[in-house]
>>> print(open('coords-v7.cif').read())   # mmCIF, C-alpha atoms
data_entry
loop_
_atom_site.group_PDB
_atom_site.id
_atom_site.type_symbol
_atom_site.label_atom_id
_atom_site.label_comp_id
_atom_site.auth_asym_id
_atom_site.auth_seq_id
_atom_site.Cartn_x
_atom_site.Cartn_y
_atom_site.Cartn_z
ATOM 1 C CA MET F 1 -66.296 -127.928 -16.264
ATOM 2 C CA SER F 2 -66.995 -131.012 -14.159
ATOM 3 C CA MET F 3 -69.644 -130.521 -11.471
ATOM 4 C CA HIS F 4 -69.217 -133.763 -9.518
ATOM 5 C CA ILE F 5 -67.065 -133.828 -6.411
ATOM 6 C CA ASN F 6 -65.766 -137.315 -7.215
ATOM 7 C CA ASP F 7 -63.965 -135.814 -10.213
ATOM 8 C CA TYR F 8 -61.625 -133.973 -7.831
ATOM 9 C CA ILE F 9 -58.918 -135.113 -5.416
ATOM 10 C CA PHE F 10 -58.865 -133.263 -2.082
ATOM 11 C CA GLU F 11 -55.307 -132.242 -1.179
ATOM 12 C CA THR F 12 -55.197 -129.580 1.539
ATOM 13 C CA LEU F 13 -57.585 -127.889 3.942
ATOM 14 C CA LEU F 14 -56.993 -124.166 3.362
ATOM 15 C CA GLY F 15 -59.506 -122.760 5.824
ATOM 16 C CA GLN F 16 -62.440 -123.638 8.032
ATOM 17 C CA GLY F 17 -65.137 -121.755 9.918
ATOM 18 C CA SER F 18 -68.841 -121.045 10.172
ATOM 19 C CA PHE F 19 -68.829 -120.484 6.402
ATOM 20 C CA GLY F 20 -67.793 -124.099 5.797
ATOM 21 C CA SER F 21 -64.467 -125.502 4.642
ATOM 22 C CA VAL F 22 -62.154 -124.443 1.824
ATOM 23 C CA TYR F 23 -59.928 -127.026 0.135
ATOM 24 C CA LEU F 24 -57.218 -127.147 -2.477
ATOM 25 C CA VAL F 25 -58.316 -129.850 -4.919
ATOM 26 C CA ARG F 26 -57.019 -131.238 -8.198
ATOM 27 C CA ARG F 27 -59.112 -132.321 -11.132
ATOM 28 C CA LYS F 28 -58.443 -136.007 -11.734
ATOM 29 C CA LYS F 29 -58.264 -135.868 -15.516
ATOM 30 C CA ASP F 30 -55.452 -133.282 -15.748
ATOM 31 C CA SER F 31 -54.275 -132.510 -12.163
ATOM 32 C CA LYS F 32 -55.265 -128.860 -12.564
ATOM 33 C CA PRO F 33 -55.583 -127.164 -9.145
ATOM 34 C CA PHE F 34 -58.772 -125.461 -7.982
ATOM 35 C CA VAL F 35 -60.274 -124.246 -4.745
ATOM 36 C CA VAL F 36 -63.506 -125.814 -3.514
ATOM 37 C CA LYS F 37 -65.664 -124.225 -0.839
ATOM 38 C CA GLU F 38 -67.791 -126.900 0.832
ATOM 39 C CA GLN F 39 -70.681 -126.390 3.233
ATOM 40 C CA ILE F 40 -73.086 -128.839 4.826
ATOM 41 C CA LEU F 41 -76.681 -127.815 4.208
ATOM 42 C CA ASP F 42 -79.057 -127.791 7.163
ATOM 43 C CA ASN F 43 -82.531 -129.164 6.526
ATOM 44 C CA VAL F 44 -83.875 -127.086 9.411
ATOM 45 C CA ASN F 45 -82.007 -123.796 8.990
ATOM 46 C CA ALA F 46 -82.269 -122.246 5.524
ATOM 47 C CA LEU F 47 -79.666 -119.547 6.264
ATOM 48 C CA PRO F 48 -76.605 -121.479 4.979
ATOM 49 C CA PHE F 49 -78.320 -122.083 1.638
ATOM 50 C CA LYS F 50 -79.339 -118.420 1.442
ATOM 51 C CA ASN F 51 -75.767 -117.286 2.142
ATOM 52 C CA ILE F 52 -74.374 -119.656 -0.478
ATOM 53 C CA SER F 53 -76.922 -118.443 -3.014
ATOM 54 C CA GLU F 54 -75.900 -114.824 -2.335
ATOM 55 C CA GLU F 55 -72.217 -115.651 -2.757
ATOM 56 C CA VAL F 56 -72.786 -117.564 -5.987
ATOM 57 C CA LYS F 57 -74.852 -114.691 -7.407
ATOM 58 C CA CYS F 58 -72.012 -112.269 -6.699
ATOM 59 C CA LEU F 59 -69.319 -114.564 -8.072
ATOM 60 C CA HIS F 60 -71.327 -115.223 -11.225
ATOM 61 C CA THR F 61 -71.643 -111.472 -11.814
ATOM 62 C CA LEU F 62 -67.956 -110.655 -11.419
ATOM 63 C CA ARG F 63 -65.408 -111.237 -14.183
ATOM 64 C CA HIS F 64 -62.170 -109.330 -13.701
ATOM 65 C CA THR F 65 -58.430 -109.936 -13.778
ATOM 66 C CA ASN F 66 -58.126 -108.948 -10.112
ATOM 67 C CA ILE F 67 -61.003 -111.069 -8.800
ATOM 68 C CA VAL F 68 -60.807 -114.789 -8.101
ATOM 69 C CA ALA F 69 -62.437 -116.612 -11.027
ATOM 70 C CA TYR F 70 -65.642 -118.542 -10.385
ATOM 71 C CA TYR F 71 -66.171 -121.771 -12.326
ATOM 72 C CA GLY F 72 -69.417 -123.171 -10.988
ATOM 73 C CA ALA F 73 -71.490 -124.329 -8.033
ATOM 74 C CA TRP F 74 -73.631 -127.353 -7.292
ATOM 75 C CA ILE F 75 -75.355 -129.334 -4.532
ATOM 76 C CA GLU F 76 -74.488 -132.974 -3.984
ATOM 77 C CA ASP F 77 -75.461 -135.272 -1.082
ATOM 78 C CA ASN F 78 -76.670 -132.399 1.103
ATOM 79 C CA HIS F 79 -73.414 -130.490 0.588
ATOM 80 C CA SER F 80 -72.920 -127.322 -1.438
ATOM 81 C CA TYR F 81 -69.755 -126.840 -3.482
ATOM 82 C CA ILE F 82 -68.349 -123.698 -5.072
ATOM 83 C CA LEU F 83 -65.476 -124.203 -7.518
ATOM 84 C CA MET F 84 -63.021 -121.324 -7.852
ATOM 85 C CA GLU F 85 -59.604 -120.330 -9.127
ATOM 86 C CA TYR F 86 -56.578 -121.317 -7.041
ATOM 87 C CA ALA F 87 -54.129 -118.502 -6.294
ATOM 88 C CA THR F 88 -50.722 -120.158 -6.230
ATOM 89 C CA ARG F 89 -48.839 -117.624 -4.098
ATOM 90 C CA GLY F 90 -50.961 -117.523 -0.962
ATOM 91 C CA THR F 91 -52.487 -114.367 0.445
ATOM 92 C CA LEU F 92 -51.426 -110.828 1.198
ATOM 93 C CA LYS F 93 -51.607 -111.791 4.869
ATOM 94 C CA ASP F 94 -49.020 -114.530 4.248
ATOM 95 C CA LEU F 95 -46.772 -112.061 2.435
ATOM 96 C CA LEU F 96 -46.939 -109.517 5.256
ATOM 97 C CA GLU F 97 -46.366 -112.127 7.962
ATOM 98 C CA ASN F 98 -43.443 -113.767 6.159
ATOM 99 C CA ASN F 99 -41.636 -110.472 5.562
ATOM 100 C CA GLU F 100 -39.582 -109.169 8.466
ATOM 101 C CA THR F 101 -40.089 -105.601 7.297
ATOM 102 C CA PRO F 102 -43.008 -103.730 5.705
ATOM 103 C CA LEU F 103 -43.338 -103.857 1.943
ATOM 104 C CA LYS F 104 -41.398 -101.315 -0.046
ATOM 105 C CA GLU F 105 -43.704 -98.462 -0.861
ATOM 106 C CA GLU F 106 -43.548 -99.039 -4.611
ATOM 107 C CA ASP F 107 -44.334 -102.737 -4.213
ATOM 108 C CA ALA F 108 -47.195 -101.940 -1.835
ATOM 109 C CA LEU F 109 -48.702 -99.406 -4.239
ATOM 110 C CA TYR F 110 -48.417 -101.766 -7.204
ATOM 111 C CA LEU F 111 -50.325 -104.484 -5.338
ATOM 112 C CA PHE F 112 -52.765 -102.000 -3.799
ATOM 113 C CA SER F 113 -53.548 -100.510 -7.215
ATOM 114 C CA GLN F 114 -54.769 -103.946 -8.282
ATOM 115 C CA VAL F 115 -56.999 -104.049 -5.203
ATOM 116 C CA VAL F 116 -58.394 -100.691 -6.330
ATOM 117 C CA LEU F 117 -59.092 -102.052 -9.826
ATOM 118 C CA GLY F 118 -60.798 -105.145 -8.436
ATOM 119 C CA VAL F 119 -62.953 -103.168 -5.997
ATOM 120 C CA HIS F 120 -63.814 -100.702 -8.764
ATOM 121 C CA HIS F 121 -65.301 -103.579 -10.765
ATOM 122 C CA ILE F 122 -67.101 -104.942 -7.691
ATOM 123 C CA HIS F 123 -68.681 -101.574 -6.924
ATOM 124 C CA PHE F 124 -69.534 -100.972 -10.585
ATOM 125 C CA LYS F 125 -71.567 -104.175 -10.404
ATOM 126 C CA LYS F 126 -73.364 -102.693 -7.361
ATOM 127 C CA ILE F 127 -71.819 -105.231 -5.004
ATOM 128 C CA LEU F 128 -70.423 -104.413 -1.581
ATOM 129 C CA HIS F 129 -67.653 -106.804 -0.480
ATOM 130 C CA ARG F 130 -67.855 -106.033 3.272
ATOM 131 C CA ASP F 131 -64.912 -108.242 4.237
ATOM 132 C CA LEU F 132 -61.827 -106.807 2.559
ATOM 133 C CA LYS F 133 -58.716 -107.801 4.508
ATOM 134 C CA PRO F 134 -55.247 -109.200 3.710
ATOM 135 C CA GLU F 135 -56.313 -112.840 4.055
ATOM 136 C CA ASN F 136 -59.024 -112.318 1.417
ATOM 137 C CA ILE F 137 -56.555 -110.829 -1.061
ATOM 138 C CA MET F 138 -54.911 -113.693 -2.923
ATOM 139 C CA LEU F 139 -51.628 -113.534 -4.815
ATOM 140 C CA THR F 140 -50.682 -115.443 -7.930
ATOM 141 C CA GLY F 141 -48.302 -115.265 -10.886
ATOM 142 C CA SER F 142 -44.713 -116.471 -11.064
ATOM 143 C CA ARG F 143 -43.574 -113.577 -8.846
ATOM 144 C CA GLY F 144 -46.671 -113.411 -6.688
ATOM 145 C CA ASP F 145 -47.418 -109.924 -7.995
ATOM 146 C CA ILE F 146 -50.921 -110.484 -9.378
ATOM 147 C CA VAL F 147 -53.776 -109.711 -6.977
ATOM 148 C CA LYS F 148 -57.025 -111.679 -6.821
ATOM 149 C CA ILE F 149 -59.769 -110.525 -4.457
ATOM 150 C CA GLY F 150 -61.706 -113.436 -2.987
ATOM 151 C CA ASP F 151 -64.231 -114.544 -0.360
ATOM 152 C CA PHE F 152 -67.574 -112.981 -1.189
ATOM 153 C CA GLY F 153 -69.333 -114.893 1.593
ATOM 154 C CA VAL F 154 -70.697 -111.744 3.252
ATOM 155 C CA SER F 155 -70.944 -109.539 0.166
ATOM 156 C CA LYS F 156 -74.182 -107.730 -0.607
ATOM 157 C CA ASN F 157 -75.778 -106.825 -3.909
ATOM 158 C CA PHE F 158 -77.130 -103.276 -3.821
ATOM 159 C CA LYS F 159 -79.326 -103.948 -6.845
ATOM 160 C CA GLU F 160 -81.605 -106.045 -4.646
ATOM 161 C CA LEU F 161 -82.014 -103.413 -1.918
ATOM 162 C CA THR F 162 -84.933 -101.001 -1.686
ATOM 163 C CA LYS F 163 -82.767 -98.504 0.249
ATOM 164 C CA PRO F 164 -79.231 -97.465 -0.764
ATOM 165 C CA SER F 165 -77.714 -98.462 2.589
ATOM 166 C CA ILE F 166 -77.406 -101.443 4.936
ATOM 167 C CA VAL F 167 -77.627 -101.760 8.719
ATOM 168 C CA CYS F 168 -75.931 -104.931 9.994
ATOM 169 C CA ARG F 169 -72.459 -106.081 10.861
ATOM 170 C CA ALA F 170 -70.469 -108.199 8.460
ATOM 171 C CA GLY F 171 -66.793 -108.926 8.025
ATOM 172 C CA SER F 172 -63.836 -108.674 10.408
ATOM 173 C CA PHE F 173 -63.924 -106.107 13.213
ATOM 174 C CA CYS F 174 -60.354 -104.848 12.688
ATOM 175 C CA TYR F 175 -61.243 -103.752 9.150
ATOM 176 C CA MET F 176 -64.748 -102.419 9.842
ATOM 177 C CA ALA F 177 -65.593 -98.787 9.243
ATOM 178 C CA PRO F 178 -66.916 -96.688 12.158
ATOM 179 C CA GLU F 179 -70.446 -96.718 10.749
ATOM 180 C CA MET F 180 -70.453 -100.529 10.692
ATOM 181 C CA LEU F 181 -69.069 -100.872 14.221
ATOM 182 C CA THR F 182 -71.758 -98.547 15.580
ATOM 183 C CA ASP F 183 -74.608 -100.247 13.692
ATOM 184 C CA GLN F 184 -75.355 -97.237 11.516
ATOM 185 C CA SER F 185 -76.408 -97.470 7.894
ATOM 186 C CA TYR F 186 -73.511 -97.849 5.480
ATOM 187 C CA ASP F 187 -72.758 -98.215 1.799
ATOM 188 C CA PHE F 188 -69.787 -98.668 -0.554
ATOM 189 C CA LYS F 189 -67.637 -96.320 1.541
ATOM 190 C CA CYS F 190 -67.165 -99.044 4.169
ATOM 191 C CA ASP F 191 -65.034 -100.953 1.629
ATOM 192 C CA ILE F 192 -62.929 -97.808 1.166
ATOM 193 C CA TRP F 193 -62.207 -97.745 4.904
ATOM 194 C CA SER F 194 -61.116 -101.399 4.800
ATOM 195 C CA MET F 195 -58.790 -100.589 1.905
ATOM 196 C CA GLY F 196 -57.245 -97.788 3.953
ATOM 197 C CA VAL F 197 -56.506 -100.208 6.786
ATOM 198 C CA ILE F 198 -55.011 -102.692 4.308
ATOM 199 C CA LEU F 199 -52.671 -100.132 2.723
ATOM 200 C CA TYR F 200 -51.671 -98.923 6.189
ATOM 201 C CA GLU F 201 -50.662 -102.494 7.095
ATOM 202 C CA MET F 202 -48.779 -102.975 3.836
ATOM 203 C CA VAL F 203 -46.475 -99.999 4.434
ATOM 204 C CA SER F 204 -46.145 -100.347 8.225
ATOM 205 C CA LYS F 205 -46.646 -104.046 9.070
ATOM 206 C CA ARG F 206 -48.997 -103.063 11.874
ATOM 207 C CA HIS F 207 -52.623 -102.101 12.416
ATOM 208 C CA PRO F 208 -53.687 -98.434 12.638
ATOM 209 C CA PHE F 209 -55.895 -99.161 15.659
ATOM 210 C CA PRO F 210 -54.151 -101.718 17.933
ATOM 211 C CA ALA F 211 -57.168 -102.929 19.900
ATOM 212 C CA MET F 212 -57.670 -106.297 21.571
ATOM 213 C CA SER F 213 -61.469 -106.404 21.780
ATOM 214 C CA LEU F 214 -64.545 -105.288 19.869
ATOM 215 C CA THR F 215 -65.352 -102.666 22.508
ATOM 216 C CA GLU F 216 -61.829 -101.286 22.409
ATOM 217 C CA ILE F 217 -61.566 -101.137 18.632
ATOM 218 C CA THR F 218 -64.991 -99.489 18.346
ATOM 219 C CA LYS F 219 -63.862 -96.747 20.728
ATOM 220 C CA MET F 220 -60.522 -96.265 18.987
ATOM 221 C CA VAL F 221 -61.914 -96.274 15.452
ATOM 222 C CA CYS F 222 -64.697 -93.834 16.309
ATOM 223 C CA GLU F 223 -62.790 -91.460 18.598
ATOM 224 C CA GLU F 224 -59.056 -91.662 17.941
ATOM 225 C CA ARG F 225 -56.686 -91.008 15.087
ATOM 226 C CA PRO F 226 -54.765 -93.928 13.586
ATOM 227 C CA ARG F 227 -51.240 -94.450 14.865
ATOM 228 C CA PRO F 228 -48.668 -92.387 12.949
ATOM 229 C CA LEU F 229 -47.124 -94.170 9.991
ATOM 230 C CA PRO F 230 -43.404 -95.034 10.128
ATOM 231 C CA ARG F 231 -40.851 -92.328 9.429
ATOM 232 C CA GLY F 232 -39.933 -92.247 5.787
ATOM 233 C CA THR F 233 -43.462 -92.953 4.551
ATOM 234 C CA SER F 234 -44.048 -90.589 1.638
ATOM 235 C CA SER F 235 -46.450 -87.698 2.094
ATOM 236 C CA SER F 236 -48.536 -88.975 -0.826
ATOM 237 C CA VAL F 237 -49.128 -92.346 0.863
ATOM 238 C CA VAL F 238 -49.855 -90.678 4.211
ATOM 239 C CA SER F 239 -52.388 -88.440 2.454
ATOM 240 C CA LEU F 240 -54.012 -91.330 0.580
ATOM 241 C CA ILE F 241 -54.415 -93.437 3.722
ATOM 242 C CA SER F 242 -55.726 -90.520 5.782
ATOM 243 C CA LYS F 243 -58.416 -89.836 3.175
ATOM 244 C CA MET F 244 -59.569 -93.457 3.162
ATOM 245 C CA LEU F 245 -59.635 -93.515 6.983
ATOM 246 C CA ARG F 246 -61.811 -90.450 7.448
ATOM 247 C CA LYS F 247 -64.438 -91.063 10.134
ATOM 248 C CA ASP F 248 -67.221 -89.509 8.069
ATOM 249 C CA PRO F 249 -67.983 -91.838 5.134
ATOM 250 C CA PHE F 250 -69.216 -88.893 3.080
ATOM 251 C CA CYS F 251 -65.681 -87.442 3.206
ATOM 252 C CA ARG F 252 -63.952 -90.622 2.045
ATOM 253 C CA PRO F 253 -63.118 -90.891 -1.664
ATOM 254 C CA LYS F 254 -65.255 -93.017 -3.931
ATOM 255 C CA ILE F 255 -63.617 -95.910 -5.741
ATOM 256 C CA ASP F 256 -63.953 -93.916 -8.995
ATOM 257 C CA GLN F 257 -61.745 -91.237 -7.446
ATOM 258 C CA LEU F 258 -59.198 -93.741 -6.158
ATOM 259 C CA ILE F 259 -58.769 -95.379 -9.553
ATOM 260 C CA LEU F 260 -57.691 -92.015 -10.967
ATOM 261 C CA CYS F 261 -55.728 -90.888 -7.911
ATOM 262 C CA PRO F 262 -52.472 -89.103 -8.883
ATOM 263 C CA TYR F 263 -50.499 -91.307 -6.475
ATOM 264 C CA LEU F 264 -51.723 -94.511 -8.107
ATOM 265 C CA VAL F 265 -52.137 -93.539 -11.747
ATOM 266 C CA SER F 266 -48.693 -94.662 -12.958
ATOM 267 C CA PHE F 267 -49.148 -98.063 -11.295
ATOM 268 C CA ILE F 268 -52.621 -98.494 -12.770
ATOM 269 C CA ILE F 269 -51.323 -97.637 -16.232
ATOM 270 C CA ARG F 270 -48.582 -100.256 -15.852
ATOM 271 C CA ILE F 271 -51.163 -102.835 -14.794
ATOM 272 C CA TYR F 272 -53.437 -102.102 -17.763
ATOM 273 C CA LEU F 273 -50.587 -102.072 -20.247
ATOM 274 C CA ASN F 274 -49.404 -105.430 -18.956
ATOM 275 C CA LEU F 275 -52.731 -107.277 -18.896
ATOM 276 C CA GLY F 276 -52.058 -110.897 -19.703
ATOM 277 C CA ARG F 277 -48.397 -110.648 -18.751
ATOM 278 C CA VAL F 278 -46.655 -110.984 -15.416
ATOM 279 C CA MET F 279 -44.830 -107.792 -14.543
ATOM 280 C CA SER F 280 -42.257 -107.467 -11.773
ATOM 281 C CA ILE F 281 -43.385 -105.210 -8.952
ATOM 282 C CA THR F 282 -39.812 -103.978 -8.655
ATOM 283 C CA ASN F 283 -39.732 -102.491 -12.150
ATOM 284 C CA LYS F 284 -39.105 -98.800 -11.579
ATOM 285 C CA ASN F 285 -39.556 -97.676 -15.190
ATOM 286 C CA ASN F 286 -42.797 -95.750 -14.702
ATOM 287 C CA GLY F 287 -42.175 -93.220 -17.446
ATOM 288 C CA ASN F 288 -44.135 -90.043 -18.047
ATOM 289 C CA PHE F 289 -47.616 -90.708 -19.337
ATOM 290 C CA ASN F 290 -49.861 -88.361 -21.264
ATOM 291 C CA PRO F 291 -53.111 -88.165 -19.236
ATOM 292 C CA GLU F 292 -55.254 -87.805 -22.356
ATOM 293 C CA ILE F 293 -53.805 -91.031 -23.779
ATOM 294 C CA PHE F 294 -54.448 -92.665 -20.413
ATOM 295 C CA LEU F 295 -58.085 -91.522 -20.461
ATOM 296 C CA LYS F 296 -58.566 -92.776 -24.004
ATOM 297 C CA PHE F 297 -56.997 -96.111 -23.135
ATOM 298 C CA LEU F 298 -59.081 -96.632 -20.015
ATOM 299 C CA LYS F 299 -62.319 -95.690 -21.723
ATOM 300 C CA SER F 300 -61.615 -97.966 -24.667
ATOM 301 C CA GLN F 301 -61.014 -100.906 -22.323
ATOM 302 C CA PHE F 302 -63.543 -100.275 -19.585
ATOM 303 C CA ASN F 303 -66.844 -98.451 -19.921
ATOM 304 C CA GLU F 304 -67.037 -98.483 -16.151
ATOM 305 C CA ILE F 305 -64.866 -95.380 -15.676
ATOM 306 C CA VAL F 306 -66.907 -92.387 -14.603
ATOM 307 C CA GLN F 307 -67.630 -90.055 -17.506
ATOM 308 C CA GLY F 308 -67.141 -86.300 -17.528
ATOM 309 C CA THR F 309 -64.805 -86.253 -14.515
ATOM 310 C CA VAL F 310 -62.060 -83.743 -13.901
ATOM 311 C CA ILE F 311 -58.938 -85.791 -13.321
ATOM 312 C CA GLU F 312 -55.823 -84.453 -11.663
ATOM 313 C CA LEU F 313 -52.634 -85.999 -12.958
ATOM 314 C CA GLY F 314 -50.369 -83.096 -12.225
ATOM 315 C CA LEU F 315 -52.667 -80.980 -14.403
ATOM 316 C CA SER F 316 -56.428 -80.894 -14.911
ATOM 317 C CA VAL F 317 -57.963 -82.776 -17.793
ATOM 318 C CA LEU F 318 -61.660 -82.829 -18.537
ATOM 319 C CA GLY F 319 -62.760 -86.379 -19.261
ATOM 320 C CA SER F 320 -64.750 -86.461 -22.482
ATOM 321 C CA LYS F 321 -67.871 -88.585 -22.617
ATOM 322 C CA ALA F 322 -67.353 -92.083 -23.914
#
>>> encode(input="coords-v7.cif", output="structure tokens")
Amino acid sequence: MSMHINDYIFETLLGQGSFGSVYLVRRKKDSKPFVVKEQILDNVNALPFKNISEEVKCLHTLRHTNIVAYYGAWIEDNHSYILMEYATRGTLKDLLENNETPLKEEDALYLFSQVVLGVHHIHFKKILHRDLKPENIMLTGSRGDIVKIGDFGVSKNFKELTKPSIVCRAGSFCYMAPEMLTDQSYDFKCDIWSMGVILYEMVSKRHPFPAMSLTEITKMVCEERPRPLPRGTSSSVVSLISKMLRKDPFCRPKIDQLILCPYLVSFIIRIYLNLGRVMSITNKNNGNFNPEIFLKFLKSQFNEIVQGTVIELGLSVLGSKA
């Protein structure tokens, strides 16, 4: 992989902020598209370089179908560059904004299940994303039905911490858990809260806490219940979202529990069985799956699944040790 910026043609500015600039580029030799994240390095302030180093460490650690692929990073002429996969179908935010109505529940759960799989891998690697939101969830594939989680600019590696919690704000306020907004210590459960907000938006096309300021959203998130979901939302989705949006992080499900959630299991099976192929999110042929076969399949593919867990898939099955 070429690590010189002159080997790429800059086409479009995709985003810009304190983190630097993100561009769609094409490699000159074959016109293959990539994303480049560029940041000017400050000779006085070492923070930008530290942040970039943290992001590169996280990206280098993560290799998963539902995470944006990382190809390399380098410094050239006092600029840092991170080369990443280009998701051809925009972001989940684009999808929600371009649709006049909320996503169909089945489509939302198929996409959300891929978010669950990606976050499961992130947490297994002891990394906290801290900025999960629709604009950081990329879509690709011919039908735009393949999820890629991106933007690890404020992620944190728990392996490097002496205490199993963090106290500092990071990410976007509208997706922050109560413990983050109130400057309390937090852990992986703050990502679960963000996922609850995301799924809420997918099935309602609105935010659960419609605040206009940081002060207002802090009060609402900490003291009020989320707005009721639209009529017709299934009880299973209402239940799933309510569990992820519990105020007490201890009461929220872990990602290991979400990945084996009865409401998501058929979608996750479909995703695993179709690895390497694009599958339409409108395919309604879920079928009836034997949970023991599902367990065996998951454990043969991913050693990350929690061992010895009682899984509810309409009946209880004791997970045997891998």
>>> residues_around(input="coords-v7.cif", residues="region 93-108 of chain F", least_positions_apart="4", cutoff="9 Å", atoms="all atoms listed in the file", output="MDAnalysis selection string")
chainID F and resid 89 112:113 133:139 145 199 201:206 233:234 237 267 281:282 284
>>> write_last_selection(input="coords-v7.cif", atoms="C-alpha atoms", output="PDB file, keeping the file's coordinate frame")
ATOM      1  CA  ARG F  89     -48.839-117.624  -4.098  1.00  0.00           C
ATOM      2  CA  PHE F 112     -52.765-102.000  -3.799  1.00  0.00           C
ATOM      3  CA  SER F 113     -53.548-100.510  -7.215  1.00  0.00           C
ATOM      4  CA  LYS F 133     -58.716-107.801   4.508  1.00  0.00           C
ATOM      5  CA  PRO F 134     -55.247-109.200   3.710  1.00  0.00           C
ATOM      6  CA  GLU F 135     -56.313-112.840   4.055  1.00  0.00           C
ATOM      7  CA  ASN F 136     -59.024-112.318   1.417  1.00  0.00           C
ATOM      8  CA  ILE F 137     -56.555-110.829  -1.061  1.00  0.00           C
ATOM      9  CA  MET F 138     -54.911-113.693  -2.923  1.00  0.00           C
ATOM     10  CA  LEU F 139     -51.628-113.534  -4.815  1.00  0.00           C
ATOM     11  CA  ASP F 145     -47.418-109.924  -7.995  1.00  0.00           C
ATOM     12  CA  LEU F 199     -52.671-100.132   2.723  1.00  0.00           C
ATOM     13  CA  GLU F 201     -50.662-102.494   7.095  1.00  0.00           C
ATOM     14  CA  MET F 202     -48.779-102.975   3.836  1.00  0.00           C
ATOM     15  CA  VAL F 203     -46.475 -99.999   4.434  1.00  0.00           C
ATOM     16  CA  SER F 204     -46.145-100.347   8.225  1.00  0.00           C
ATOM     17  CA  LYS F 205     -46.646-104.046   9.070  1.00  0.00           C
ATOM     18  CA  ARG F 206     -48.997-103.063  11.874  1.00  0.00           C
ATOM     19  CA  THR F 233     -43.462 -92.953   4.551  1.00  0.00           C
ATOM     20  CA  SER F 234     -44.048 -90.589   1.638  1.00  0.00           C
ATOM     21  CA  VAL F 237     -49.128 -92.346   0.863  1.00  0.00           C
ATOM     22  CA  PHE F 267     -49.148 -98.063 -11.295  1.00  0.00           C
ATOM     23  CA  ILE F 281     -43.385-105.210  -8.952  1.00  0.00           C
ATOM     24  CA  THR F 282     -39.812-103.978  -8.655  1.00  0.00           C
ATOM     25  CA  LYS F 284     -39.105 -98.800 -11.579  1.00  0.00           C
TER      26      LYS F 284
END
>>> closest_residue(input="coords-v7.cif", among="F:Leu59, F:Leu132, F:Ile198, F:Leu258", to="Ser172 (chain F)", atoms="all atoms listed in the file")
F:Leu132
>>> atom_distance(input="coords-v7.cif", atom1="CA of Ser266 (chain F)", atom2="CA of Ser239 (chain F)")
17.0 Å
>>> resolve_selection(input="coords-v7.cif", expression="the PyMOL selection byres ((chain F and resi 181) around 9)", output="list in words")
Arg169, Phe173, Met176, Ala177, Pro178, Glu179, Met180, Thr182, Asp183, Gln184, Leu214, Ile217, Thr218, Val221 and Cys222 of chain F
>>> write_last_selection(input="coords-v7.cif", atoms="C-alpha atoms", output="PDB file, in the frame of the given file")
ATOM      1  CA  ARG F 169     -72.459-106.081  10.861  1.00  0.00           C
ATOM      2  CA  PHE F 173     -63.924-106.107  13.213  1.00  0.00           C
ATOM      3  CA  MET F 176     -64.748-102.419   9.842  1.00  0.00           C
ATOM      4  CA  ALA F 177     -65.593 -98.787   9.243  1.00  0.00           C
ATOM      5  CA  PRO F 178     -66.916 -96.688  12.158  1.00  0.00           C
ATOM      6  CA  GLU F 179     -70.446 -96.718  10.749  1.00  0.00           C
ATOM      7  CA  MET F 180     -70.453-100.529  10.692  1.00  0.00           C
ATOM      8  CA  THR F 182     -71.758 -98.547  15.580  1.00  0.00           C
ATOM      9  CA  ASP F 183     -74.608-100.247  13.692  1.00  0.00           C
ATOM     10  CA  GLN F 184     -75.355 -97.237  11.516  1.00  0.00           C
ATOM     11  CA  LEU F 214     -64.545-105.288  19.869  1.00  0.00           C
ATOM     12  CA  ILE F 217     -61.566-101.137  18.632  1.00  0.00           C
ATOM     13  CA  THR F 218     -64.991 -99.489  18.346  1.00  0.00           C
ATOM     14  CA  VAL F 221     -61.914 -96.274  15.452  1.00  0.00           C
ATOM     15  CA  CYS F 222     -64.697 -93.834  16.309  1.00  0.00           C
TER      16      CYS F 222
END
>>> closest_residue(input="coords-v7.cif", among="F:Lys126, F:Lys37, F:Arg63, F:Arg227", to="Tyr86 (chain F)", atoms="only C-alpha atoms")
F:Lys37
>>> resolve_selection(input="coords-v7.cif", expression="the PyMOL selection byres ((chain F and resi 225) around 12)", output="list in words")
Pro208, Phe209, Pro210, Ile217, Lys219, Met220, Val221, Cys222, Glu223, Glu224, Pro226, Arg227, Pro228, Leu229, Ile241, Ser242, Leu245, Arg246 and Lys247 of chain F
>>> write_last_selection(input="coords-v7.cif", atoms="C-alpha atoms", output="CSV table (one decimal), keeping the file's coordinate frame")
chain,number,residue,atom,x,y,z
F,208,PRO,CA,-53.7,-98.4,12.6
F,209,PHE,CA,-55.9,-99.2,15.7
F,210,PRO,CA,-54.2,-101.7,17.9
F,217,ILE,CA,-61.6,-101.1,18.6
F,219,LYS,CA,-63.9,-96.7,20.7
F,220,MET,CA,-60.5,-96.3,19.0
F,221,VAL,CA,-61.9,-96.3,15.5
F,222,CYS,CA,-64.7,-93.8,16.3
F,223,GLU,CA,-62.8,-91.5,18.6
F,224,GLU,CA,-59.1,-91.7,17.9
F,226,PRO,CA,-54.8,-93.9,13.6
F,227,ARG,CA,-51.2,-94.4,14.9
F,228,PRO,CA,-48.7,-92.4,12.9
F,229,LEU,CA,-47.1,-94.2,10.0
F,241,ILE,CA,-54.4,-93.4,3.7
F,242,SER,CA,-55.7,-90.5,5.8
F,245,LEU,CA,-59.6,-93.5,7.0
F,246,ARG,CA,-61.8,-90.4,7.4
F,247,LYS,CA,-64.4,-91.1,10.1
